[in-house]
Structures are given as structure tokens and as C-alpha cells.
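Source file: coords-v3.cif; contents: mmCIF, C-alpha atoms.
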data_my_file
loop_
_atom_site.label_atom_id
_atom_site.label_comp_id
_atom_site.auth_asym_id
_atom_site.auth_seq_id
_atom_site.Cartn_x
_atom_site.Cartn_y
_atom_site.Cartn_z
CA MET L 1 -35.63 -9.04 -17.93
CA THR L 2 -33.37 -6.45 -16.37
CA GLY L 3 -30.20 -7.80 -17.96
CA GLY L 4 -27.40 -5.45 -18.88
CA SER L 5 -26.79 -7.08 -22.21
CA THR L 6 -29.77 -8.57 -23.87
CA THR L 7 -28.93 -8.03 -27.47
CA GLY L 8 -29.00 -11.79 -27.77
CA ASP L 9 -25.60 -11.53 -29.41
CA ASP L 10 -23.67 -14.70 -28.82
CA GLY L 11 -20.70 -13.20 -30.55
CA ALA L 12 -20.61 -15.83 -33.27
CA THR L 13 -21.87 -13.49 -35.96
CA ALA L 14 -20.16 -10.36 -34.72
CA PRO L 15 -17.84 -8.75 -37.27
CA THR L 16 -14.30 -9.93 -36.83
CA SER L 17 -11.54 -7.56 -35.92
CA GLY L 18 -9.94 -5.86 -38.89
CA LEU L 19 -6.67 -4.62 -37.45
CA HIS L 20 -4.44 -7.49 -36.42
CA GLU L 21 -6.80 -10.20 -35.37
CA ASP L 22 -9.01 -12.54 -37.27
CA ARG L 23 -10.32 -14.56 -34.35
CA ALA L 24 -14.09 -14.54 -33.82
CA ALA L 25 -15.32 -12.36 -30.99
CA TRP L 26 -15.64 -14.16 -27.68
CA PRO L 27 -19.17 -15.02 -26.61
CA LEU L 28 -21.06 -12.81 -24.19
CA TRP L 29 -21.86 -14.16 -20.72
CA GLU L 30 -24.34 -12.78 -18.21
CA VAL L 31 -23.13 -12.76 -14.61
CA PHE L 32 -25.29 -13.43 -11.54
CA VAL L 33 -23.99 -12.91 -7.99
CA ARG L 34 -25.36 -14.25 -4.72
CA SER L 35 -24.34 -11.56 -2.24
CA SER L 36 -24.85 -13.67 0.86
CA ARG L 37 -26.40 -16.95 1.98
CA GLY L 38 -30.17 -16.84 1.98
CA LEU L 39 -30.42 -14.45 -0.98
CA SER L 40 -31.03 -15.16 -4.67
CA HIS L 41 -28.42 -14.74 -7.35
CA VAL L 42 -28.95 -11.29 -8.87
CA HIS L 43 -27.84 -10.11 -12.29
CA ALA L 44 -24.67 -8.03 -11.94
CA GLY L 45 -23.61 -7.43 -15.54
CA SER L 46 -21.96 -9.17 -18.44
CA LEU L 47 -18.55 -9.96 -19.89
CA HIS L 48 -16.84 -11.65 -22.81
CA ALA L 49 -14.84 -14.84 -22.36
CA PRO L 50 -13.74 -17.70 -24.62
CA ASP L 51 -15.20 -20.45 -22.40
CA ALA L 52 -17.15 -21.08 -19.22
CA ALA L 53 -14.11 -21.52 -16.96
CA MET L 54 -12.63 -18.20 -18.09
CA ALA L 55 -16.02 -16.52 -17.83
CA LEU L 56 -16.25 -17.62 -14.20
CA ARG L 57 -12.74 -16.40 -13.37
CA ASN L 58 -13.29 -13.08 -15.12
CA ALA L 59 -16.64 -12.67 -13.38
CA ARG L 60 -14.90 -13.14 -10.04
CA ASP L 61 -12.28 -10.51 -10.87
CA LEU L 62 -14.76 -8.08 -12.38
CA TYR L 63 -17.80 -8.32 -10.12
CA THR L 64 -16.52 -9.44 -6.71
CA ARG L 65 -13.47 -7.28 -5.97
CA ARG L 66 -15.00 -6.19 -2.65
CA ASN L 67 -16.54 -9.34 -1.21
CA GLU L 68 -19.76 -8.76 -3.13
CA GLY L 69 -20.53 -12.44 -3.45
CA VAL L 70 -20.43 -15.93 -2.04
CA SER L 71 -21.54 -17.62 -5.25
CA LEU L 72 -21.46 -16.84 -8.98
CA TRP L 73 -23.39 -17.97 -12.04
CA VAL L 74 -22.29 -17.28 -15.60
CA VAL L 75 -24.77 -17.97 -18.38
CA PRO L 76 -24.16 -17.66 -22.13
CA ALA L 77 -26.24 -14.64 -23.15
CA SER L 78 -27.40 -16.57 -26.21
CA SER L 79 -29.05 -19.16 -23.93
CA ILE L 80 -31.33 -16.65 -22.26
CA ILE L 81 -34.88 -16.63 -23.56
CA THR L 82 -36.56 -13.28 -23.10
CA SER L 83 -40.09 -12.01 -23.46
CA ASP L 84 -40.73 -9.61 -26.31
CA PRO L 85 -40.69 -6.02 -24.98
CA ASP L 86 -43.01 -4.93 -27.81
CA ALA L 87 -45.65 -7.49 -26.83
CA LYS L 88 -45.66 -6.41 -23.21
CA GLY L 89 -49.34 -5.50 -23.16
CA ALA L 90 -50.46 -8.74 -24.73
CA PHE L 91 -48.07 -10.96 -22.79
CA PHE L 92 -48.54 -9.77 -19.24
CA GLU L 93 -52.05 -10.05 -17.90
CA SER L 94 -53.58 -6.72 -17.03
CA PRO L 95 -53.82 -6.21 -13.27
CA GLN L 96 -56.73 -3.83 -13.84
CA GLY L 97 -59.76 -4.72 -11.71
CA LYS L 98 -57.87 -7.42 -9.87
CA ASP L 99 -57.10 -5.57 -6.69
CA TYR L 100 -58.55 -8.55 -4.85
CA ARG L 101 -55.21 -10.30 -5.34
CA HIS L 102 -53.74 -7.93 -2.76
CA ALA L 103 -54.32 -7.94 1.00
CA THR L 104 -55.00 -4.18 0.94
CA TYR L 105 -58.25 -4.85 -1.00
CA TYR L 106 -59.90 -6.25 2.14
CA THR L 107 -60.67 -3.27 4.36
CA LYS L 108 -63.57 -4.46 6.47
CA SER L 109 -61.25 -6.36 8.76
CA GLU L 110 -59.28 -3.23 9.63
CA GLY L 111 -58.46 -3.03 13.34
CA VAL L 112 -58.76 -6.77 13.85
CA LYS L 113 -55.53 -7.95 15.47
CA HIS L 114 -53.09 -10.43 13.91
CA LEU L 115 -54.95 -10.45 10.60
CA MET V 1 -40.87 -6.69 -49.06
CA THR V 2 -44.47 -5.71 -49.72
CA ALA V 3 -45.90 -2.24 -49.26
CA THR V 4 -47.93 -3.47 -46.30
CA ALA V 5 -44.83 -4.65 -44.50
CA ILE V 6 -43.21 -1.22 -44.88
CA GLU V 7 -46.31 0.47 -43.58
CA THR V 8 -46.44 -1.80 -40.56
CA ARG V 9 -42.83 -0.98 -39.79
CA ALA V 10 -43.51 2.78 -39.95
CA ASP V 11 -46.57 2.41 -37.70
CA HIS V 12 -44.52 0.40 -35.33
CA ASP V 13 -41.87 3.13 -35.14
CA ALA V 14 -44.49 5.81 -34.52
CA ALA V 15 -45.87 3.69 -31.69
CA GLY V 16 -42.33 3.03 -30.45
CA GLU V 17 -41.55 6.71 -30.46
CA LYS V 18 -44.63 7.49 -28.42
CA VAL V 19 -43.70 4.87 -25.82
CA PHE V 20 -40.15 6.23 -25.75
CA ASN V 21 -41.28 9.84 -25.28
CA ASP V 22 -43.75 8.84 -22.58
CA LEU V 23 -41.10 6.90 -20.69
CA ILE V 24 -38.70 9.85 -20.82
CA ALA V 25 -41.45 12.26 -19.73
CA GLN V 26 -42.30 10.05 -16.77
CA ASP V 27 -38.62 9.81 -15.86
CA MET V 28 -38.63 6.06 -16.42
CA ARG V 29 -35.70 4.10 -17.86
CA ILE V 30 -35.13 2.95 -21.43
CA GLU V 31 -33.91 -0.65 -21.70
CA PRO V 32 -31.80 -2.27 -24.46
CA ARG V 33 -34.57 -3.85 -26.49
CA ASP V 34 -36.92 -0.86 -26.38
CA TRP V 35 -37.42 1.22 -29.49
CA MET V 36 -35.28 4.34 -29.33
CA PRO V 37 -34.50 7.19 -31.76
CA ALA V 38 -31.39 6.57 -33.86
CA ASP V 39 -29.80 9.76 -32.51
CA TYR V 40 -30.37 8.68 -28.91
CA ARG V 41 -28.63 5.37 -29.64
CA LYS V 42 -25.78 7.07 -31.48
CA SER V 43 -25.27 9.75 -28.87
CA LEU V 44 -25.29 7.23 -26.01
CA THR V 45 -22.94 4.86 -27.82
CA ARG V 46 -20.50 7.73 -28.29
CA GLN V 47 -20.75 8.94 -24.71
CA ILE V 48 -20.55 5.52 -23.02
CA SER V 49 -17.73 4.22 -25.22
CA GLN V 50 -15.72 7.43 -24.71
CA HIS V 51 -16.31 7.04 -21.01
CA ALA V 52 -15.09 3.42 -21.18
CA HIS V 53 -11.99 4.42 -23.18
CA SER V 54 -11.22 7.09 -20.55
CA GLU V 55 -11.25 4.50 -17.78
CA ILE V 56 -8.93 2.22 -19.75
CA ILE V 57 -6.48 4.97 -20.78
CA GLY V 58 -6.79 6.34 -17.24
CA MET V 59 -5.05 3.22 -15.94
CA GLN V 60 -1.76 4.34 -17.49
CA PRO V 61 -0.79 7.53 -15.63
CA GLU V 62 -1.28 5.77 -12.31
CA ALA V 63 0.05 2.34 -13.24
CA ASN V 64 3.31 4.11 -14.12
CA TRP V 65 3.68 4.97 -10.44
CA ILE V 66 3.03 1.56 -8.87
CA THR V 67 6.73 0.65 -8.74
CA ARG V 68 7.60 4.07 -7.31
CA ALA V 69 4.84 4.29 -4.68
CA PRO V 70 6.58 5.04 -1.37
CA SER V 71 5.44 2.01 0.64
CA LEU V 72 4.05 -1.48 0.23
CA LYS V 73 0.67 -0.26 1.43
CA ARG V 74 0.65 2.57 -1.12
CA LYS V 75 1.56 0.09 -3.86
CA ALA V 76 -1.32 -2.20 -2.85
CA VAL V 77 -3.75 0.74 -2.77
CA LEU V 78 -2.62 2.00 -6.16
CA MET V 79 -2.89 -1.46 -7.70
CA ALA V 80 -6.44 -1.79 -6.35
CA LYS V 81 -7.28 1.59 -7.86
CA VAL V 82 -5.83 0.75 -11.28
CA GLN V 83 -7.69 -2.57 -11.19
CA ASP V 84 -10.90 -0.66 -10.44
CA GLU V 85 -10.34 1.56 -13.49
CA ALA V 86 -10.07 -1.56 -15.66
CA GLY V 87 -13.28 -2.83 -14.08
CA HIS V 88 -15.04 0.47 -14.74
CA GLY V 89 -13.98 0.35 -18.37
CA LEU V 90 -15.43 -3.13 -18.69
CA TYR V 91 -18.76 -2.24 -17.02
CA LEU V 92 -19.06 0.64 -19.47
CA TYR V 93 -18.10 -1.37 -22.56
CA SER V 94 -20.84 -3.84 -21.56
CA ALA V 95 -23.36 -1.02 -21.25
CA ALA V 96 -22.32 0.45 -24.62
CA GLU V 97 -22.52 -2.95 -26.24
CA THR V 98 -26.22 -3.28 -25.39
CA LEU V 99 -26.76 -0.50 -27.94
CA GLY V 100 -25.47 -2.74 -30.71
CA THR V 101 -21.78 -1.93 -31.26
CA PRO V 102 -19.57 -4.97 -30.59
CA ARG V 103 -16.85 -4.62 -27.96
CA ASP V 104 -14.05 -5.50 -30.38
CA GLN V 105 -15.21 -2.69 -32.65
CA MET V 106 -14.88 -0.16 -29.82
CA THR V 107 -11.41 -1.44 -28.92
CA GLU V 108 -10.37 -1.12 -32.55
CA ASP V 109 -11.71 2.41 -32.83
CA LEU V 110 -9.68 3.42 -29.80
CA ILE V 111 -6.51 1.80 -31.07
CA ALA V 112 -6.95 3.24 -34.56
CA GLY V 113 -7.22 6.71 -32.98
CA LYS V 114 -10.82 7.12 -34.18
CA ALA V 115 -12.32 7.37 -30.69
CA ARG V 116 -11.91 10.02 -28.04
CA TYR V 117 -11.23 9.76 -24.35
CA SER V 118 -11.05 12.32 -21.56
CA SER V 119 -8.43 15.01 -22.17
CA ILE V 120 -7.24 14.80 -18.56
CA PHE V 121 -5.24 11.60 -19.10
CA ASN V 122 -2.95 13.31 -21.56
CA TYR V 123 -1.21 15.31 -18.84
CA PRO V 124 2.04 14.00 -17.35
CA VAL V 125 2.25 12.65 -13.79
CA LEU V 126 5.50 14.17 -12.59
CA THR V 127 5.74 13.41 -8.87
CA TRP V 128 4.18 11.20 -6.21
CA ALA V 129 2.09 14.20 -5.14
CA ASP V 130 0.45 14.09 -8.57
CA ILE V 131 -1.05 10.72 -7.61
CA GLY V 132 -2.64 12.50 -4.66
CA ALA V 133 -3.86 15.38 -6.83
CA ILE V 134 -5.29 12.97 -9.41
CA GLY V 135 -7.25 11.11 -6.76
CA TRP V 136 -8.51 14.27 -5.11
CA LEU V 137 -9.14 16.56 -8.12
CA VAL V 138 -9.52 14.26 -11.13
CA ASP V 139 -11.52 11.53 -9.41
CA GLY V 140 -13.37 14.24 -7.49
CA ALA V 141 -14.43 15.92 -10.74
CA ALA V 142 -15.33 12.53 -12.20
CA ILE V 143 -17.56 11.72 -9.21
CA CYS V 144 -19.25 15.12 -9.46
CA ASN V 145 -19.99 14.39 -13.11
CA GLN V 146 -20.97 10.77 -12.57
CA VAL V 147 -23.32 10.89 -9.60
CA PRO V 148 -26.11 12.48 -11.71
CA LEU V 149 -25.41 9.91 -14.44
CA CYS V 150 -26.63 7.19 -12.07
CA ARG V 151 -30.07 8.53 -13.02
CA ALA V 152 -29.39 8.58 -16.77
CA SER V 153 -32.44 7.57 -18.77
CA TYR V 154 -30.66 4.57 -20.31
CA GLY V 155 -30.90 1.70 -17.81
CA PRO V 156 -27.59 -0.11 -18.44
CA TYR V 157 -25.62 3.17 -18.28
CA GLY V 158 -27.26 4.20 -15.01
CA ARG V 159 -26.62 0.78 -13.47
CA ALA V 160 -22.97 0.83 -14.50
CA MET V 161 -22.61 4.30 -13.00
CA VAL V 162 -24.09 3.24 -9.66
CA ARG V 163 -21.44 0.56 -9.35
CA ILE V 164 -18.68 2.90 -10.48
CA CYS V 165 -19.64 5.73 -8.12
CA LYS V 166 -19.57 3.41 -5.11
CA GLU V 167 -16.02 2.39 -5.99
CA GLU V 168 -14.78 5.86 -6.93
CA SER V 169 -15.30 7.32 -3.48
CA PHE V 170 -12.35 5.30 -2.20
CA HIS V 171 -10.25 6.74 -5.04
CA GLN V 172 -10.91 10.31 -4.04
CA ARG V 173 -10.29 9.73 -0.35
CA GLN V 174 -6.99 7.95 -0.93
CA GLY V 175 -5.85 10.89 -3.10
CA PHE V 176 -6.85 13.36 -0.43
CA GLU V 177 -4.95 11.37 2.17
CA ILE V 178 -1.77 11.39 0.08
CA LEU V 179 -1.98 15.18 -0.24
CA LEU V 180 -2.80 15.63 3.43
CA GLU V 181 0.25 13.64 4.52
CA LEU V 182 2.52 15.56 2.15
CA ALA V 183 1.01 18.89 3.21
CA ASN V 184 1.85 18.05 6.82
CA GLY V 185 5.31 16.74 5.95
CA THR V 186 8.65 18.46 5.29
CA PRO V 187 8.70 21.86 3.51
CA GLU V 188 9.80 20.04 0.34
CA GLN V 189 6.86 17.61 0.56
CA ARG V 190 4.48 20.48 1.19
CA ALA V 191 5.83 22.35 -1.85
CA MET V 192 5.46 19.20 -3.93
CA ALA V 193 1.79 18.87 -2.89
CA GLN V 194 1.09 22.53 -3.73
CA ASP V 195 2.83 22.18 -7.10
CA ALA V 196 0.72 19.14 -7.99
CA VAL V 197 -2.51 20.95 -7.05
CA ASN V 198 -1.37 23.94 -9.14
CA ARG V 199 -0.90 21.79 -12.23
CA TRP V 200 -4.02 19.61 -11.92
CA TYR V 201 -6.55 22.28 -10.90
CA ALA V 202 -7.36 23.82 -14.31
CA PRO V 203 -7.29 20.55 -16.30
CA SER V 204 -9.69 18.98 -13.77
CA LEU V 205 -12.11 21.91 -14.14
CA MET V 206 -12.00 21.39 -17.90
CA MET V 207 -13.07 17.76 -17.43
CA PHE V 208 -16.67 19.00 -17.20
CA GLY V 209 -16.49 19.95 -20.87
CA PRO V 210 -16.73 23.28 -22.68
CA PRO V 211 -18.80 26.20 -21.32
CA ASP V 212 -22.55 25.76 -21.83
CA GLU V 213 -22.69 28.17 -24.78
CA ASP V 214 -20.10 26.06 -26.66
CA SER V 215 -21.63 22.70 -25.86
CA PRO V 216 -24.27 22.12 -28.55
CA ASN V 217 -24.90 18.45 -27.69
CA SER V 218 -25.71 19.19 -24.07
CA GLN V 219 -29.20 20.50 -24.75
CA LYS V 220 -30.38 17.37 -26.52
CA SER V 221 -28.70 15.19 -23.94
CA MET V 222 -30.57 16.99 -21.17
CA GLU V 223 -33.88 16.66 -23.01
CA TRP V 224 -33.25 12.93 -23.21
CA LYS V 225 -32.41 12.93 -19.50
CA ILE V 226 -29.00 11.40 -20.08
CA LYS V 227 -27.39 14.51 -18.59
CA ARG V 228 -29.16 16.12 -15.64
CA PHE V 229 -27.06 19.25 -15.13
CA SER V 230 -25.12 21.49 -17.50
CA ASN V 231 -21.31 21.51 -17.73
CA ASP V 232 -21.03 24.91 -16.05
CA GLU V 233 -23.45 23.98 -13.30
CA LEU V 234 -21.44 20.87 -12.38
CA ARG V 235 -18.13 22.74 -12.66
CA SER V 236 -19.36 25.43 -10.30
CA ARG V 237 -20.58 22.84 -7.81
CA PHE V 238 -17.16 21.15 -7.93
CA VAL V 239 -15.31 24.43 -7.34
CA GLY V 240 -17.44 25.01 -4.24
CA MET V 241 -16.44 21.63 -2.81
CA MET V 242 -12.75 22.18 -3.54
CA VAL V 243 -12.79 25.59 -1.84
CA GLU V 244 -13.79 23.92 1.43
CA GLN V 245 -11.59 20.84 1.11
CA ILE V 246 -8.38 22.73 0.31
CA LYS V 247 -8.69 24.45 3.70
CA VAL V 248 -8.32 21.06 5.40
CA LEU V 249 -5.21 20.42 3.31
CA GLY V 250 -3.85 23.83 4.29
CA LEU V 251 -2.88 24.47 0.66
CA ASP V 252 -4.13 27.06 -1.86
CA LEU V 253 -6.20 26.75 -5.00
CA PRO V 254 -4.22 28.33 -7.86
CA ASP V 255 -7.14 30.61 -8.72
CA LYS V 256 -7.43 34.10 -7.27
CA ASP V 257 -10.78 34.67 -8.96
CA VAL V 258 -12.69 32.01 -7.04
CA ARG V 259 -15.75 33.52 -5.37
CA PHE V 260 -19.34 32.72 -4.52
CA ASP V 261 -21.72 34.76 -6.62
CA GLU V 262 -24.71 35.60 -4.42
CA GLU V 263 -26.85 36.60 -7.38
CA SER V 264 -26.59 33.37 -9.34
CA GLY V 265 -25.97 31.24 -6.26
CA ARG V 266 -22.98 29.76 -8.05
CA TRP V 267 -19.27 29.46 -7.51
CA GLU V 268 -17.24 31.41 -10.05
CA HIS V 269 -13.71 30.53 -11.10
CA GLY V 270 -10.95 32.22 -13.08
CA PRO V 271 -10.64 31.92 -16.88
CA LEU V 272 -9.73 28.51 -18.32
CA ASP V 273 -7.60 27.99 -21.42
CA TRP V 274 -10.13 26.40 -23.77
CA ASN V 275 -7.65 26.45 -26.63
CA GLU V 276 -5.45 24.13 -24.63
CA PHE V 277 -8.48 21.91 -24.04
CA LYS V 278 -9.18 21.75 -27.79
CA GLU V 279 -5.55 21.04 -28.59
CA VAL V 280 -5.33 18.19 -26.09
CA LEU V 281 -8.64 16.75 -27.30
CA ALA V 282 -7.40 16.94 -30.88
CA GLY V 283 -4.45 14.73 -29.95
CA ARG V 284 -1.83 17.41 -29.39
CA GLY V 285 -1.54 17.28 -25.60
CA PRO V 286 1.69 16.49 -23.75
CA CYS V 287 1.09 12.71 -23.49
CA ASN V 288 -1.44 11.78 -26.21
CA ALA V 289 1.06 9.97 -28.41
CA GLN V 290 2.55 8.08 -25.49
CA ARG V 291 -0.84 6.96 -24.14
CA MET V 292 -2.01 5.74 -27.54
CA GLU V 293 1.25 3.95 -28.26
CA ARG V 294 1.14 2.19 -24.89
CA ARG V 295 -2.49 1.12 -25.44
CA ARG V 296 -1.65 -0.24 -28.89
CA GLU V 297 1.39 -2.08 -27.56
CA ALA V 298 -0.62 -3.66 -24.75
CA HIS V 299 -3.24 -4.81 -27.24
CA GLU V 300 -0.68 -6.29 -29.61
CA ASP V 301 1.41 -7.86 -26.85
CA GLY V 302 -1.71 -9.51 -25.49
CA ALA V 303 -2.80 -10.96 -28.84
CA TRP V 304 -1.10 -14.32 -28.25
CA VAL V 305 -2.90 -14.71 -24.92
CA ARG V 306 -6.28 -14.09 -26.55
CA ASP V 307 -5.40 -16.46 -29.40
CA ALA V 308 -4.30 -19.17 -26.97
CA ALA V 309 -7.47 -18.80 -24.92
CA SER V 310 -9.59 -19.04 -28.08
CA ALA V 311 -7.67 -22.09 -29.32
CA TYR V 312 -8.00 -23.80 -25.94
CA ALA V 313 -11.73 -23.09 -25.80
CA ALA V 314 -12.18 -24.46 -29.34
CA ARG V 315 -10.22 -27.63 -28.53
CA GLN V 316 -12.14 -28.24 -25.30
CA ALA V 317 -15.42 -27.73 -27.14
CA ALA V 318 -14.36 -30.19 -29.86
CA LYS V 319 -13.35 -32.78 -27.26
CA HIS V 320 -16.70 -32.37 -25.55
CA THR V 321 -18.56 -32.88 -28.84
CA THR V 322 -16.55 -36.02 -29.67
CA LYS V 323 -17.30 -37.45 -26.24
CA ALA V 324 -20.96 -36.68 -26.58
CA ALA V 325 -21.09 -38.33 -30.02
#
Write out the structure in this file as C-alpha cells.
Amino acid sequence: MTGGSTTGDDGATAPTSGLHEDRAAWPLWEVFVRSSRGLSHVHAGSLHAPDAAMALRNARDLYTRRNEGVSLWVVPASSIITSDPDAKGAFFESPQGKDYRHATYYTKSEGVKHL
Amino acid sequence: MTATAIETRADHDAAGEKVFNDLIAQDMRIEPRDWMPADYRKSLTRQISQHAHSEIIGMQPEANWITRAPSLKRKAVLMAKVQDEAGHGLYLYSAAETLGTPRDQMTEDLIAGKARYSSIFNYPVLTWADIGAIGWLVDGAAICNQVPLCRASYGPYGRAMVRICKEESFHQRQGFEILLELANGTPEQRAMAQDAVNRWYAPSLMMFGPPDEDSPNSQKSMEWKIKRFSNDELRSRFVGMMVEQIKVLGLDLPDKDVRFDEESGRWEHGPLDWNEFKEVLAGRGPCNAQRMERRREAHEDGAWVRDAASAYAARQAAKHTTKAA
């Protein structure tokens, strides 16, 4: 997960503003931008917005001021399930000794055309 | 909590610290959910939020000139620039937030006067030429400072800086162009350009922060690979660029002590008034009160919009639930 904001904070439990406002903090949304047809949506950053429609509009204004995208996704940060960074070793299979999964492992065919 | 649980936690931190130190040593990036030393988190939160506040406050000196920009094109350009500054502030607040401080908290700290922002935005913007000087000198200094931050050890900060640096280069060029046109204009316009450069030169050099010997946090920050170069190193590099660029403008830098020091391989500049820097940073600059008041006003005047948006979202959500039920 390369997300910019993966605190998992959906804003609901964030401390409320003490100065003049007592509204709850707006939820956090993660923004994904497809830069052109044929490419995947890529994580661009995050923003706060009260609802999905506003999140989408704000994402447009914030992340596509220079034609950076042809399509946008906004996803509530609280809906993203992430792997545990501390359990990295146990979770991701070790690639050690598995070079045979890569084409470069097979060297005997070197020089053979179109292979 | 049992004794075993406490022990496990301590072990975990020791392991976390080792991973953290190894990542830093290998010049890899730290990501939000990684273990990190409390001081690293605190120091980054301070730096990134101050940076964000600077972008937001930085909208004011230029926004004040939108109505007075000399042509429709200049107005459009200036609006795009001010909009970019807002965007940069938001990218940075997002990055700071990944360290655990909620956005609303940072906004409150700024409004309550508890947070700092760059001293440069507390200087007045007196003429149209100042808009040129700000783009050329202030944004130029910012870029010089920010390009190495693209490689900061904290992932979200580095990523925000990459985006910001790409957008800033337009800011500096448009400033340069304003100055170039004035410098080639009437004698009055030329004098106005020179006057703006005279006033913005020293404050922009001070943007790099105090001299290395008075910057105690720098060392730690460089060990953590947040900062890559010292304040003086970056300042000297910036002076070298300005020396060349001012020739194209046909104006003069207001510094008769500028020279290239063969021995150190660095550009030297004249003395800077660090007392002034401290005064401005402490809130006693020419425009501090005005900038803070304007920020507070904007926040308060916008409260009803935020409340309405929240109320609308709540009502829509309630409707949706009723329908579903």
C-alpha cells in the first residue's frame, strides 16, 4: 500500500474543533487518477470532504488542475483494507530460491532467436 | 496489562527501531504505518505543517493583487498561481496528517497563533513589480529548498514535494517574465523592478533559515535524511543562480559583497539582518497581524459553508439509510 494517508482514520473519532466549531471532522478520502485511457487509476493523494459528491469535486480541483486525468476514483480511507506492515515477512512469501519464476533464470537458451 | 505484554511491546520497539535505522541507512523511505522514533514523527509533523501553513498564508500577498494585475492574462495567471498555493497547502496537510495529527487541529493551531509559517509572507507587496520579484526570488528560493526534499526519507512528504516542485517551476518563470518586461519598459517601470528586487533579495535569502551554526535542528534532520543539504549550502547555491539570472534582467543584486569563493567552492553574500528574521518569526514583522487576522476571518466567514455541507451530507446519508431500510 503506497497510500498517502493510511492512518485508517475515518474522521469519526477525530477530536472536534475547539475554537468555534463543534462539527465532527469530515471523513478522509483517498484519490485515484487515471492519467489517460489504457492506464490504471493510480493513487494521487487524499482529501477531506463531507460526502462522496464533494470528495469527487474537490479531487478534481485538487489533483487535476493541469489535465492530469481522464477519470477519478474517490474511496473512503476507512474502507481500505491494508496488510500489516509489521507482518511483512510472514505475509509475503519469500522470493528466495525461486528465481525460476523469472525468465532470466533460463540461460541455456541464450542466443536463440525470438525466445 | 500484564508484564509480558509490556515486554513484548518493548521488544517490538527495539525491532522497529532496527528496521527504521536500516531503512534510513539504505536510503529507503519510511511509510506512515512503519515504526518511527517519536522525535522523528514530531519533527516531521512540525516541519510539514509549517510548510503547509506557509503555502496557505502565502496565498494572501498575491491574492491581494489579482484585481490590480495589469491585464486579463496576468489576472488569470495570478489566479492559477494562488490556486496552486492552496493545492500545495492541501497536499502538505495530507502528508502531515499521516503522522497522526488531524487536519482540523493543524488549522486551529495556525488560527490560534500557535503555529509558525515562513517569515517571508510577512513582508508587504507594494507594487506590481513585487509580484514579479516574489515569483522570481521567493518561489526561486522555495524551489531551491524543495527540490532536495523530494528525496526526504518520509514517503508522503517526498511525494507531496515532487508534485509541488513540478508546479512551482511555472511560478518562478512567470515572476521572471514580469520583471523582464518591466526591466525593458519605461524608466519608471525599470526603477520599479529594481526597487522590488532590492526589497525582496535579503528576505528571500533568509528563507533558507538561520546560518548553520545557529540551526541546532538541522543536524538531526540531516541524519534522518529529511534534509539533504545545510541552510548555508542551499543559500549559497541560490545566490549563484541569482547572480547569473539578474544579468538577463539587466538589473543589479542589492549586494556588493557577492562573490564566488574559490577555496570553499561556494558563493558568498553580504551580511543578513538575523535580528530582523527573529523579529518577523516572533510575530513582529510588518504584516504578521494582518495575515493572521485575514486567515482567521476567512476561516470564520467560511464556517457556515462547512456547516451547510456537513448538514447536507448528514441529511443525504439519513435519506439513504431510510430508503435502504
Pairwise distance, atom CA of V:Phe277 with atom CA of V:His299, equals 27.4 Å
Practice task
Could you jot down the atom CA of V:Ile246 to atom CA of V:Gln189 separation for me, Å, one decimal place?
Solution key: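 About the pair atom CA of V:Ile246 and atom CA of V:Gln189: they are 16.1 Å apart.
One distance worth recording is that between atom CA of V:Cys150 and atom CA of L:Val42, which is 18.9 Å.
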Any chance you could resolve the PyMOL selection byres ((chain V) within 8 of (chain L)) against this file and give the residues as a compact mmCIF listing (two decimals) with C-alpha atoms, in the coordinates of the input?
# COMPACT_ATOMS: atom_id res chain seq x y z
CA GLU V 31 -33.91 -0.65 -21.70
CA PRO V 32 -31.80 -2.27 -24.46
CA ARG V 33 -34.57 -3.85 -26.49
CA ASP V 34 -36.92 -0.86 -26.38
CA GLY V 87 -13.28 -2.83 -14.08
CA LEU V 90 -15.43 -3.13 -18.69
CA TYR V 91 -18.76 -2.24 -17.02
CA SER V 94 -20.84 -3.84 -21.56
CA ALA V 95 -23.36 -1.02 -21.25
CA GLU V 97 -22.52 -2.95 -26.24
CA THR V 98 -26.22 -3.28 -25.39
CA LEU V 99 -26.76 -0.50 -27.94
CA GLY V 100 -25.47 -2.74 -30.71
CA PRO V 102 -19.57 -4.97 -30.59
CA ASP V 104 -14.05 -5.50 -30.38
CA GLN V 105 -15.21 -2.69 -32.65
CA GLU V 108 -10.37 -1.12 -32.55
CA PRO V 156 -27.59 -0.11 -18.44
CA GLU V 300 -0.68 -6.29 -29.61
CA ALA V 303 -2.80 -10.96 -28.84
CA ASP V 307 -5.40 -16.46 -29.40
CA ALA V 309 -7.47 -18.80 -24.92
CA SER V 310 -9.59 -19.04 -28.08
CA ALA V 313 -11.73 -23.09 -25.80
The PyMOL selection byres ((chain V and resi 61) around 9) - which residues does that actually catch in the file I just gave you? List them as an MDAnalysis selection string.
chainID V and resid 57:60 62:65 121:125 131 291
Problem - 7 Å contact set for stretch 179-181 of chain V, all atoms listed in the file, chain neighbours under 6 positions out, as a ChimeraX atom specification - result: /V:129,132-133,193,249
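Taking only C-alpha atoms into account, the polymer residues that have an atom no farther than 8 Å from (-8.8, 7.6, -20.3) are His51, Ala52, His53, Ser54, Glu55, Ile56, Ile57, Gly58, Met59, Tyr117, Ser118, Ser119, Ile120 and Phe121 of chain V.
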Care to translate the PyMOL selection byres ((chain V and resi 202) around 10) into actual residues of this file, as a VMD selection string? chain V and resid 120 137 197 to 201 203 to 207 253 to 255 269 to 273 277
Take stretch 175-193 of chain V from the block and save it with C-alpha atoms, as a CSV table (one decimal), in the first residue's frame.
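Contents of the output file result.csv:
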chain,number,residue,atom,x,y,z
V,175,GLY,CA,7.7,36.1,-12.0
V,176,PHE,CA,10.9,36.3,-14.0
V,177,GLU,CA,8.8,37.3,-17.1
V,178,ILE,CA,7.1,40.1,-15.2
V,179,LEU,CA,10.4,41.5,-14.1
V,180,LEU,CA,11.9,41.1,-17.6
V,181,GLU,CA,9.1,43.1,-19.1
V,182,LEU,CA,9.3,45.9,-16.6
V,183,ALA,CA,13.1,46.0,-16.9
V,184,ASN,CA,12.7,46.5,-20.6
V,185,GLY,CA,9.9,49.0,-20.2
V,186,THR,CA,9.9,52.8,-19.3
V,187,PRO,CA,12.5,54.2,-16.9
V,188,GLU,CA,9.8,54.3,-14.2
V,189,GLN,CA,8.9,50.6,-14.8
V,190,ARG,CA,12.6,49.7,-14.7
V,191,ALA,CA,13.1,51.6,-11.4
V,192,MET,CA,10.1,49.8,-10.0
V,193,ALA,CA,11.6,46.4,-10.9
